[in-house]
There are 2 protein chains.
Amino acid sequence: MDKKKCIVSILLDGDVKRITSELGSVFMDIFHKNNIYIEAPCGGKGICGKCKVKLLRGSVSEMTKLESSFLSQMEKEDGYRLACFTKILGDVEIAIEGQLEGAQILSTGLEYFVDISPKISKKFVQLDRPTVDNQRDDLDRLIDSLGIDNPHIHISLLRELAQILRSSDFKATITYDGNQILDVEKGNESKKSYGLAIDIGTTTVVCYLIDLITGQQIDIISGLNAQRAYGGDVISRIQYTMEEDDGLSRLRGAIVEQLSEFIHELAYRNHISINHIYNILIAGNTIMGHLLLGIDPQHIAASPFTPVVTQAQVYPASQLGLKLGRGSRVFILPHISGYVGADVVAGVLASGMDRREELSLILDIGTNGEIVLGNKEKLVCCSTAAGPAFEGANILHGMGGTSGAINTIILDQGKLKYTTIGNKPPLGICGSGIVDALALLLDAGIVDETGRLLDEEEIESEAGLKLADRLTQIGGLTAFTIVDARSSGTGEPIVITQKDIREVQLAKSAIAAGIKVLINKMDKDMEQIARLYLAGGFGSYIDKRNACRIGLIPAKLQHRIVAMGNGAGTGAILSLLSYEKYERTALIKNMTEYVELSSTPEFQKEYVNCMYFGKQ
Amino acid sequence: MDKKKCIVSILLDGDVKRITSELGSVFMDIFHKNNIYIEAPCGGKGICGKCKVKLLRGSVSEMTKLESSFLSQMEKEDGYRLACFTKILGDVEIAIEGQLEGAQILSTGLEYFVDISPKISKKFVQLDRPTVDNQRDDLDRLIDSLGIDNPHIHISLLRELAQILRSSDFKATITYDGNQILDVEKGNESKKSYGLAIDIGTTTVVCYLIDLITGQQIDIISGLNAQRAYGGDVISRIQYTMEEDDGLSRLRGAIVEQLSEFIHELAYRNHISINHIYNILIAGNTIMGHLLLGIDPQHIAASPFTPVVTQAQVYPASQLGLKLGRGSRVFILPHISGYVGADVVAGVLASGMDRREELSLILDIGTNGEIVLGNKEKLVCCSTAAGPAFEGANILHGMGGTSGAINTIILDQGKLKYTTIGNKPPLGICGSGIVDALALLLDAGIVDETGRLLDEEEIESEAGLKLADRLTQIGGLTAFTIVDARSSGTGEPIVITQKDIREVQLAKSAIAAGIKVLINKMDKDMEQIARLYLAGGFGSYIDKRNACRIGLIPAKLQHRIVAMGNGAGTGAILSLLSYEKYERTALIKNMTEYVELSSTPEFQKEYVNCMYFGKQ
């Protein structure tokens with residue numbers, strides 16, 4: 001007797017996917033069979049309680065006690081179930097909600113929702129041997145098996161084709177993309193197809209190894225950008241290219257060599273042939289993109305900030321100097337402008353904001369603060385010269401989010417407490433710690449609305465008075481001590497100075513003003529923003545309430561914040577796995593209007609307005 | 001007062017071109033203004049009398065005495081006029097007849113009929129400088145000026161783009177083909193666009209330098225194929241690639257180096273920058289095509305004669321090892337099969353037979369005899385293993401058509417007379433001389449129907465008896481002396497042996513049988529063939545009557561023979577000048593059915609039938 005088939009409709013961010021499944025199937029199995037990924041660190045064993053889906057309609061199995069224990073009362077009332085427990089008892093409609101496409105990719109693995117249709121195919125074929133009555137040439141024989149016309153094939157492959165076919169009894173595996181024949185191998189190698197999604201950040205380079213058949217993330221490798229030796233930020237690197245004759249070539253060499261090492265390490269430790277790594281998707285900012293290609297970025301540095309190229313580009317890996325198989329191609333995702341790059345485009349793709357009715361905002365706070373606002377009708381973006389305060393730069397004891405950085409600071413019963421990354425003795429303060437510190441000083445009345453650190457005698461609040469003995473003077477500047485010399489890992493006290501606070505003020509007001517300019521540009525109100533995506537590690541670790549307290553994020557959006565993790569990496573993975581997503585990035589570029597804040601008078605006005613605390 | 005406009009309709013091989021011209025214009029001027037070439041070695045000065053056109057309808061100026069002196073009575077009755085004399089006096093309709101597209105290109109220059117629309121364009125642009133309100137990247141600015149999308153541009157050009165634009169005040173010349181940006185130069189270089197049409201024959205390489213703006217042939221260079229050092233014919237060259245480890249690489253190197261030398265010589269002596277030579281169209285046989293690309297041709301040598309590739313291919317010149325500008329590309333015209341190559345496809349294109357209702361036949365007699373039959377509905381072709389008898393090979397005193405070769409032999413009042421190429425003392429006999437000799441021996445009754453050289457006592461005819469003293473014995477073989485030792489340039493007599501006659505029999509019967517097989521394949525009769533194109537130098541110099549006499553060409557077609565000159569070269573030039581003609585070659589390939597004679601029983605039967613003389 002055939003099992004009854006049911007229809008499972010799955011909603012995710014406006015997309016609906018309909019799947020036919022057998023009555024009694026468990027959701028998790030249905031997801032696995034159909035390449036739908038959902039967060040499930042335990043692998044569907046009923047242990048982690050993460051694989052929540054929302055039942056919208058239809059009949060499913062009753063909730064067991066164990067399943068119930070993972071869900072809050074409110075979640076149960078809202079219809080949430082765990083995919084690893086729940087069986088379908090008829091046609092059902094569910095939503096996978098609040099799951100970013102690929103969000104938290106770094107910590108919990110993939111959890112995106114995408115058809116696996118990469119811009120590369122492999123096919124095993126058994127060709128008829130030539131006969132005197134069928135003398136068609138080798139290439140024609142090959143492409144007939146694919147049903148394509150007008151093949152493009154590299155001369156080096158043509159030179160080997162006859163030998164490959166004849167030494168394998170005309171059984172071969174073709175790697176192709178449309179009418180481009182990228183490789184031909186002896187025998188059946190059709191299941192060996194891999195790709196890389198690479199996020200080239202100014203500071204960090206992350207490289208994901210993805211199986212293009214299963215869609216699985218196999219491995220990941222990351223490291224600090226090797227170009228840092230030539231300058232910590234993009235401007236200093238551009239200066240290096242202008243000052244040194246071979247500067248551009250050195251910077252290019254540094255990143256190409258680093259990528260080569262990453263790729264070979266990934267291949268080696270996963271027992272993958274380098275020849276089976278085909279598509280390489282690159283998401284990086286515009287300047288990283290130029291440097292990787294060896295294109296002079298100097299005209300981005302000064303007004304009118306003109307890049308040489310922003311459109312997506314595809315090159316054989318060899319043209320970039322990467323030693324990979326002959327079928328390997330590098331896809332550079334499109335940039336929008338000199339200071340809004342492919343990393344932002346990829347982030348938009350990962351958020352899905354470009355396909356939704358509702359208004360979303362992406363905030364990527366780094367050296368510059370890139371902001372994108374919009375919906376499926378239109379996107380606007382800008383880059384604020386926010387300064388790298390939230391990356392710890394220009395802050396006396398600031399540091400990046402690495403081991404020993406103070407990343408949270410709270411008042412616990414009137415006492416200041418902090419944590420550090422890796423639980424190490426504190427060495428400095430990273431972005432989220434700076435936000436916490438400033439919010440605490442504002443709450444305690446030690447910093448006033450204008451951003452001034454009060455003198456001890458000016459402090460009025462009880463909380464402030466309890467902390468007043470932490471006020472000190474360093475180099476003629478008032479400062480507030482977070483850690484005293486005895487507890488510090490450096491032997492010196494760790495403080496926040498008046499100048500540090502001014503730096504944060506400049507940065508946060510630039511971002512807040514940028515957001516306001518974009519909202520006005522779209523002719524919308526703050527209230528209409530349904531989601532605020534915080535990109536990057538900073539977005540994942542920041543205390544949302546404190547970020548609103550200091551005015552970095554509009555208070556009205558505090559409960560609409562979604563930490564999107566590495567949006568650039570996620571977008572690159574999506575583009576790697578799905579041809580449609582890859583094409584989408586060009587669409588995102590084209591639907592996005594860039595707003596140059598430096599020539600927008602309104603920005604200057606808002607910038608000053610936003611400088612104060614507690615005013616928005 | 002405006003001059004009255006008239007419409008001139010010009011028919012050429014089924015095509016009609018309509019041109020508006022002023023009343024009173026001379027045809028030759030109309031042709032020049034509209035890029036219509038007609039044979040006119042004197043350049044339209046009223047001296048050579050070659051520029052004949054046929055008036056079909058309409059009113060023209062009266063014929064002068066001078067014009068009249070160039071035309072026969074029959075031509076005048078048929079309405080022929082000379083284009084350099086005749087003025088239009090109203091709307092007229094004329095035909096340019098019997099003119100091959102590009103025929104006699106070697107001797108009298110171009111005379112084709114083609115719109116100049118090469119697969120390359122140059123455009124001078126003056127771009128707006130970037131401003132803070134228009135930060136579009138350099139590439140976008142460039143392609144906007146062309147109105148194209150999705151540009152493809154080589155990374156090396158992107159690397160220089162910013163500098164090129166900024167050092168020329170954003171005035172630049174773009175070289176492009178569709179959405180491929182091939183080069184960008186400073187300033188206005190838009191009139192400097194050149195191409196090469198190259199006919200790579202097994203024996204001879206011919207290279208035409210063409211101005212892609214005006215369509216004019218600027219220069220020509222030719223030489224013996226440098227690969228000859230490794231074997232005179234294609235089979236011995238393939239053997240060399242199989243016997244020597246680096247054989248393929250050496251053969252490739254030889255032709256690539258030769259082409260490089262030709263190209264640099266052409267550029268140097270015409271004061272053209274190598275960077276302005278863009279498209280290079282290659283017509284060569286299938287094996288020459290494989291060797292140029294470094295593709296192993298060994299499977300063409302033995303049954304089932306399988307090439308690696310026959311479709312048209314395009315490569316950057318650098319990929320072939322040719323040192324040219326970055327915008328230079330090599331277009332390999334398509335082949336049909338292992339032994340019917342791009343040279344034949346180009347010949348078909350040059351003949352225009354693929355576009356006509358009437359049936360045409362192309363005969364290209366070389367090492368193999370390639371035959372194409374058909375019309376605009378369908379083409380069939382074959383390659384006969386004719387042996388190179390008509391190139392002088394396997395003939396005791398045979399030689400190629402070079403200086404000192406006996407190229408015509410006649411009986412003048414019973415006496416044998418001959419001419420040599422260059423009027424030099426005779427060194428041997430070339431193809432047309434061999435045809436003449438054999439026809440003479442048949443006419444004189446010295447060779448009988450079966451091809452046997454009679455003994456002196458068997459000769460009956462008066463003409464034969466007069467020549468009987470020329471019969472001799474050489475190495476045990478009967479032979480006929482053409483030149484005695486005293487008159488010979490070699491100090492030895494020059495003779496035709498019985499074995500030579502057998503070689504010619506084998507060759508001519510293979511060709512005649514091939515023609516019959518194709519006629520039957522098309523289900524046609526010999527009478528339906530309206531034109532017989534004889535390709536190559538042999539076709540230009542051969543005595544048509546004698547070729548029919550020995551049965552090489554069907555006697556019924558004697559008066560329908562057109563000598564097409566270098567059809568491969570002409571086809572390559574047409575493909576170079578016109579994108580439509582280039583695309584047409586793929587169509588010709590696809591509409592042509594290849595007939596493998598070795599597996600056609602009918603061929604064996606016809607082969608034996610055609611062995612005798614005077615039987616068709």
# chains A, B, ... in the order shown; residues from 1 in each chain; ligands from 1
$ closest_atom_pairs --of "chain B" --to "chain A" --cutoff "7 Å" --atoms "only C-alpha atoms" --output "Markdown table"
| residue | atom | partner | partner_atom | distance |
| --- | --- | --- | --- | --- |
| B:Pro130 | CA | A:Pro304 | CA | 6.5 |
| B:Thr131 | CA | A:Pro304 | CA | 5.3 |
| B:Val132 | CA | A:Pro304 | CA | 4.4 |
| B:Gln135 | CA | A:Thr306 | CA | 5.4 |
| B:Arg136 | CA | A:Thr306 | CA | 6.5 |
| B:Asp137 | CA | A:Pro307 | CA | 4.7 |
| B:Asp138 | CA | A:Val308 | CA | 4.7 |
| B:Leu139 | CA | A:Val309 | CA | 5.4 |
| B:Leu158 | CA | A:Ile295 | CA | 6.6 |
| B:Arg159 | CA | A:Ile295 | CA | 4.4 |
| B:Ala162 | CA | A:Val308 | CA | 6.1 |
| B:Gly294 | CA | A:Arg159 | CA | 6.4 |
| B:Ile295 | CA | A:Arg159 | CA | 4.4 |
| B:Asp296 | CA | A:Arg159 | CA | 6.4 |
| B:Ser303 | CA | A:Val132 | CA | 6.4 |
| B:Pro304 | CA | A:Val132 | CA | 4.4 |
| B:Phe305 | CA | A:Gln135 | CA | 6.5 |
| B:Thr306 | CA | A:Gln135 | CA | 5.3 |
| B:Pro307 | CA | A:Asp137 | CA | 4.7 |
| B:Val308 | CA | A:Asp138 | CA | 4.7 |
| B:Val309 | CA | A:Asp137 | CA | 5.3 |
| B:Thr310 | CA | A:Asp137 | CA | 6.4 |
$ select_by_dssp --residues "stretch 28-219 of chain B" --states "strand (DSSP E)" --output "number ranges by chain"
B: 52-60, 80-82, 88-95, 121-126, 152-153, 171-177, 180-186, 194-200, 204-211, 217-219
$ closest_atom_pairs --of "stretch 162-202 of chain B" --to "stretch 253-256 of chain B" --cutoff "12 Å" --atoms "only C-alpha atoms" --output "tab-separated table"
residue	atom	partner	partner_atom	distance
B:Ile198	CA	B:Ile255	CA	11.7
B:Asp199	CA	B:Ile255	CA	11.9
B:Ile200	CA	B:Ile255	CA	8.8
B:Gly201	CA	B:Ile255	CA	10.8
B:Thr202	CA	B:Ile255	CA	10.6
$ atom_distance --atom1 "atom CA of B:Lys76" --atom2 "atom CA of B:Ser25"
21.1 Å
$ select_by_dssp --residues "stretch 270-434 of chain A" --states "alpha helix (DSSP H)" --output "ChimeraX atom specification"
/A:286-293,298-301,342-351,431-434
$ write_last_selection --atoms "N, CA and C atoms" --output "short mmCIF file (atom, residue, chain, number, x, y, z; two decimals), in the first residue's frame"
data_model
loop_
_atom_site.label_atom_id
_atom_site.label_comp_id
_atom_site.auth_asym_id
_atom_site.auth_seq_id
_atom_site.Cartn_x
_atom_site.Cartn_y
_atom_site.Cartn_z
N THR A 286 35.11 47.72 -1.80
CA THR A 286 35.55 48.12 -3.13
C THR A 286 37.07 48.17 -3.24
N ILE A 287 37.70 48.64 -2.20
CA ILE A 287 39.16 48.79 -2.26
C ILE A 287 39.83 47.42 -2.18
N MET A 288 39.32 46.53 -1.34
CA MET A 288 39.86 45.18 -1.30
C MET A 288 39.69 44.50 -2.67
N GLY A 289 38.54 44.78 -3.31
CA GLY A 289 38.29 44.21 -4.64
C GLY A 289 39.30 44.71 -5.65
N HIS A 290 39.57 46.02 -5.63
CA HIS A 290 40.55 46.59 -6.56
C HIS A 290 41.94 46.00 -6.30
N LEU A 291 42.31 45.92 -5.04
CA LEU A 291 43.66 45.44 -4.72
C LEU A 291 43.83 43.97 -5.12
N LEU A 292 42.80 43.17 -4.93
CA LEU A 292 42.90 41.76 -5.31
C LEU A 292 43.16 41.62 -6.81
N LEU A 293 42.54 42.50 -7.60
CA LEU A 293 42.70 42.44 -9.06
C LEU A 293 43.93 43.20 -9.54
N GLN A 298 43.64 54.38 -6.32
CA GLN A 298 43.97 55.71 -5.77
C GLN A 298 42.86 56.73 -5.93
N HIS A 299 42.05 56.59 -6.99
CA HIS A 299 41.03 57.62 -7.21
C HIS A 299 39.81 57.43 -6.30
N ILE A 300 39.80 56.33 -5.54
CA ILE A 300 38.76 56.17 -4.53
C ILE A 300 39.12 56.97 -3.27
N ALA A 301 40.41 57.20 -3.10
CA ALA A 301 40.87 57.81 -1.84
C ALA A 301 40.45 59.27 -1.74
N ALA A 342 31.12 45.21 -2.21
CA ALA A 342 30.45 43.94 -2.41
C ALA A 342 30.09 43.28 -1.08
N ASP A 343 30.82 43.62 -0.02
CA ASP A 343 30.47 43.06 1.30
C ASP A 343 29.08 43.53 1.71
N VAL A 344 28.77 44.78 1.40
CA VAL A 344 27.45 45.32 1.74
C VAL A 344 26.38 44.69 0.83
N VAL A 345 26.70 44.58 -0.46
CA VAL A 345 25.76 43.95 -1.41
C VAL A 345 25.44 42.52 -0.93
N ALA A 346 26.47 41.79 -0.54
CA ALA A 346 26.27 40.43 -0.07
C ALA A 346 25.44 40.41 1.21
N GLY A 347 25.66 41.40 2.06
CA GLY A 347 24.87 41.51 3.29
C GLY A 347 23.39 41.73 2.99
N VAL A 348 23.12 42.60 2.02
CA VAL A 348 21.73 42.84 1.60
C VAL A 348 21.12 41.53 1.11
N LEU A 349 21.88 40.82 0.28
CA LEU A 349 21.40 39.54 -0.24
C LEU A 349 21.07 38.59 0.92
N ALA A 350 21.98 38.51 1.88
CA ALA A 350 21.79 37.59 3.03
C ALA A 350 20.58 37.98 3.84
N SER A 351 20.34 39.29 3.97
CA SER A 351 19.19 39.74 4.77
C SER A 351 17.87 39.47 4.06
N GLY A 431 34.90 47.30 20.91
CA GLY A 431 33.73 48.10 20.56
C GLY A 431 32.55 47.94 21.50
N SER A 432 32.15 46.69 21.76
CA SER A 432 30.97 46.50 22.59
C SER A 432 31.23 46.98 24.02
N GLY A 433 32.49 46.85 24.48
CA GLY A 433 32.85 47.35 25.81
C GLY A 433 32.79 48.86 25.87
N ILE A 434 33.19 49.50 24.79
CA ILE A 434 33.15 50.97 24.75
C ILE A 434 31.70 51.46 24.82
#
$ closest_residue --among "B:Val206, B:Gly398, B:Pro554, B:Pro388" --to "B:Val234" --atoms "only C-alpha atoms"
B:Pro388
$ residues_around --residues "B:Val92" --least-positions-apart "3" --cutoff "6 Å" --atoms "only C-alpha atoms" --output "VMD selection string"
chain B and resid 8 57 to 58
$ residues_around --residues "A:Ile482" --least-positions-apart "3" --cutoff "12 Å" --atoms "only C-alpha atoms" --output "MDAnalysis selection string"
chainID A and resid 397 406:411 415:419 426:429 433:434 436:438 440:441 467:472 479 485:488 492:497
$ residues_around --residues "A:His276" --least-positions-apart "5" --cutoff "12 Å" --atoms "only C-alpha atoms" --output "mmCIF file with N, CA and C atoms, in the first residue's frame"
data_model
loop_
_atom_site.group_PDB
_atom_site.id
_atom_site.type_symbol
_atom_site.label_atom_id
_atom_site.label_comp_id
_atom_site.auth_asym_id
_atom_site.auth_seq_id
_atom_site.Cartn_x
_atom_site.Cartn_y
_atom_site.Cartn_z
ATOM 1 N N ILE A 120 27.801 26.171 -11.934
ATOM 2 C CA ILE A 120 28.722 25.157 -12.440
ATOM 3 C C ILE A 120 27.987 23.819 -12.379
ATOM 4 N N SER A 121 28.201 22.989 -13.378
ATOM 5 C CA SER A 121 27.586 21.665 -13.375
ATOM 6 C C SER A 121 28.642 20.632 -13.721
ATOM 7 N N LYS A 122 28.468 19.436 -13.177
ATOM 8 C CA LYS A 122 29.313 18.320 -13.586
ATOM 9 C C LYS A 122 28.399 17.204 -14.087
ATOM 10 N N THR A 173 33.821 12.856 -17.331
ATOM 11 C CA THR A 173 33.010 13.802 -16.568
ATOM 12 C C THR A 173 33.287 15.203 -17.090
ATOM 13 N N ILE A 174 32.215 15.869 -17.475
ATOM 14 C CA ILE A 174 32.343 17.226 -18.021
ATOM 15 C C ILE A 174 31.971 18.229 -16.935
ATOM 16 N N THR A 175 32.783 19.240 -16.783
ATOM 17 C CA THR A 175 32.453 20.360 -15.897
ATOM 18 C C THR A 175 32.131 21.544 -16.790
ATOM 19 N N LEU A 182 34.466 23.772 -18.937
ATOM 20 C CA LEU A 182 35.554 24.195 -18.058
ATOM 21 C C LEU A 182 36.583 23.106 -17.828
ATOM 22 N N ASP A 183 36.126 21.860 -17.846
ATOM 23 C CA ASP A 183 37.077 20.765 -17.657
ATOM 24 C C ASP A 183 36.440 19.473 -18.158
ATOM 25 N N VAL A 184 37.285 18.543 -18.507
ATOM 26 C CA VAL A 184 36.843 17.183 -18.842
ATOM 27 C C VAL A 184 37.818 16.254 -18.133
ATOM 28 N N GLU A 185 37.264 15.298 -17.370
ATOM 29 C CA GLU A 185 38.102 14.353 -16.626
ATOM 30 C C GLU A 185 37.766 12.934 -17.058
ATOM 31 N N GLU A 189 33.645 11.567 -12.099
ATOM 32 C CA GLU A 189 34.075 12.439 -11.004
ATOM 33 C C GLU A 189 32.968 13.441 -10.691
ATOM 34 N N SER A 190 31.748 13.045 -11.052
ATOM 35 C CA SER A 190 30.667 14.036 -11.037
ATOM 36 C C SER A 190 30.251 14.495 -9.646
ATOM 37 N N LYS A 191 30.636 13.747 -8.623
ATOM 38 C CA LYS A 191 30.222 14.159 -7.269
ATOM 39 C C LYS A 191 31.261 15.035 -6.578
ATOM 40 N N LYS A 192 32.342 15.310 -7.266
ATOM 41 C CA LYS A 192 33.397 16.102 -6.638
ATOM 42 C C LYS A 192 33.361 17.516 -7.166
ATOM 43 N N SER A 193 32.607 18.356 -6.505
ATOM 44 C CA SER A 193 32.429 19.729 -6.958
ATOM 45 C C SER A 193 32.393 20.649 -5.752
ATOM 46 N N TYR A 194 33.377 21.525 -5.648
ATOM 47 C CA TYR A 194 33.493 22.376 -4.478
ATOM 48 C C TYR A 194 33.655 23.839 -4.868
ATOM 49 N N GLY A 195 33.310 24.683 -3.940
ATOM 50 C CA GLY A 195 33.455 26.109 -4.181
ATOM 51 C C GLY A 195 33.905 26.812 -2.915
ATOM 52 N N LEU A 196 34.285 28.055 -3.080
ATOM 53 C CA LEU A 196 34.723 28.844 -1.943
ATOM 54 C C LEU A 196 33.954 30.151 -1.907
ATOM 55 N N LEU A 209 34.689 26.724 2.716
ATOM 56 C CA LEU A 209 34.736 25.661 1.710
ATOM 57 C C LEU A 209 33.370 24.985 1.677
ATOM 58 N N ILE A 210 32.750 24.982 0.505
ATOM 59 C CA ILE A 210 31.373 24.515 0.372
ATOM 60 C C ILE A 210 31.305 23.377 -0.640
ATOM 61 N N ASP A 211 30.550 22.343 -0.312
ATOM 62 C CA ASP A 211 30.280 21.259 -1.255
ATOM 63 C C ASP A 211 29.151 21.712 -2.180
ATOM 64 N N LEU A 212 29.430 21.815 -3.472
ATOM 65 C CA LEU A 212 28.437 22.381 -4.396
ATOM 66 C C LEU A 212 27.382 21.351 -4.815
ATOM 67 N N ILE A 213 27.549 20.116 -4.390
ATOM 68 C CA ILE A 213 26.532 19.102 -4.681
ATOM 69 C C ILE A 213 25.517 19.048 -3.540
ATOM 70 N N ILE A 263 43.400 28.300 0.581
ATOM 71 C CA ILE A 263 42.741 27.337 -0.299
ATOM 72 C C ILE A 263 43.470 25.999 -0.273
ATOM 73 N N HIS A 264 44.783 26.049 -0.345
ATOM 74 C CA HIS A 264 45.539 24.797 -0.339
ATOM 75 C C HIS A 264 45.407 24.088 1.008
ATOM 76 N N ALA A 267 41.967 22.448 1.035
ATOM 77 C CA ALA A 267 41.946 21.266 0.176
ATOM 78 C C ALA A 267 42.698 20.124 0.842
ATOM 79 N N ASN A 270 40.957 18.558 3.947
ATOM 80 C CA ASN A 270 39.682 17.903 3.649
ATOM 81 C C ASN A 270 39.803 16.859 2.539
ATOM 82 N N HIS A 271 41.052 16.559 2.165
ATOM 83 C CA HIS A 271 41.332 15.515 1.163
ATOM 84 C C HIS A 271 40.579 15.777 -0.150
ATOM 85 N N LEU A 324 45.103 27.163 -9.260
ATOM 86 C CA LEU A 324 44.024 26.194 -9.057
ATOM 87 C C LEU A 324 43.845 25.419 -10.356
ATOM 88 N N GLY A 325 42.843 24.569 -10.398
ATOM 89 C CA GLY A 325 42.592 23.795 -11.616
ATOM 90 C C GLY A 325 42.148 24.705 -12.747
ATOM 91 N N ARG A 326 42.176 24.167 -13.960
ATOM 92 C CA ARG A 326 41.852 25.006 -15.109
ATOM 93 C C ARG A 326 40.381 25.399 -15.147
ATOM 94 N N GLY A 327 39.525 24.660 -14.419
ATOM 95 C CA GLY A 327 38.102 24.980 -14.409
ATOM 96 C C GLY A 327 37.733 26.031 -13.374
ATOM 97 N N SER A 328 38.712 26.502 -12.632
ATOM 98 C CA SER A 328 38.410 27.399 -11.509
ATOM 99 C C SER A 328 38.241 28.841 -11.966
ATOM 100 N N ARG A 329 37.155 29.443 -11.515
ATOM 101 C CA ARG A 329 36.885 30.845 -11.857
ATOM 102 C C ARG A 329 36.618 31.657 -10.593
#
$ atom_distance --atom1 "atom CA of B:Glu370" --atom2 "atom CA of B:Ala513"
12.0 Å
$ atom_distance --atom1 "atom CA of B:Met63" --atom2 "atom CA of B:Ile94"
15.8 Å
$ residues_around --residues "A:Gly571" --least-positions-apart "5" --cutoff "12 Å" --atoms "only C-alpha atoms" --output "PyMOL selection string"
chain A and resi 100-103+105+110+112+114+197-199+208+281-284+333-334+342-352+535+564-566+576-578+581-585+588
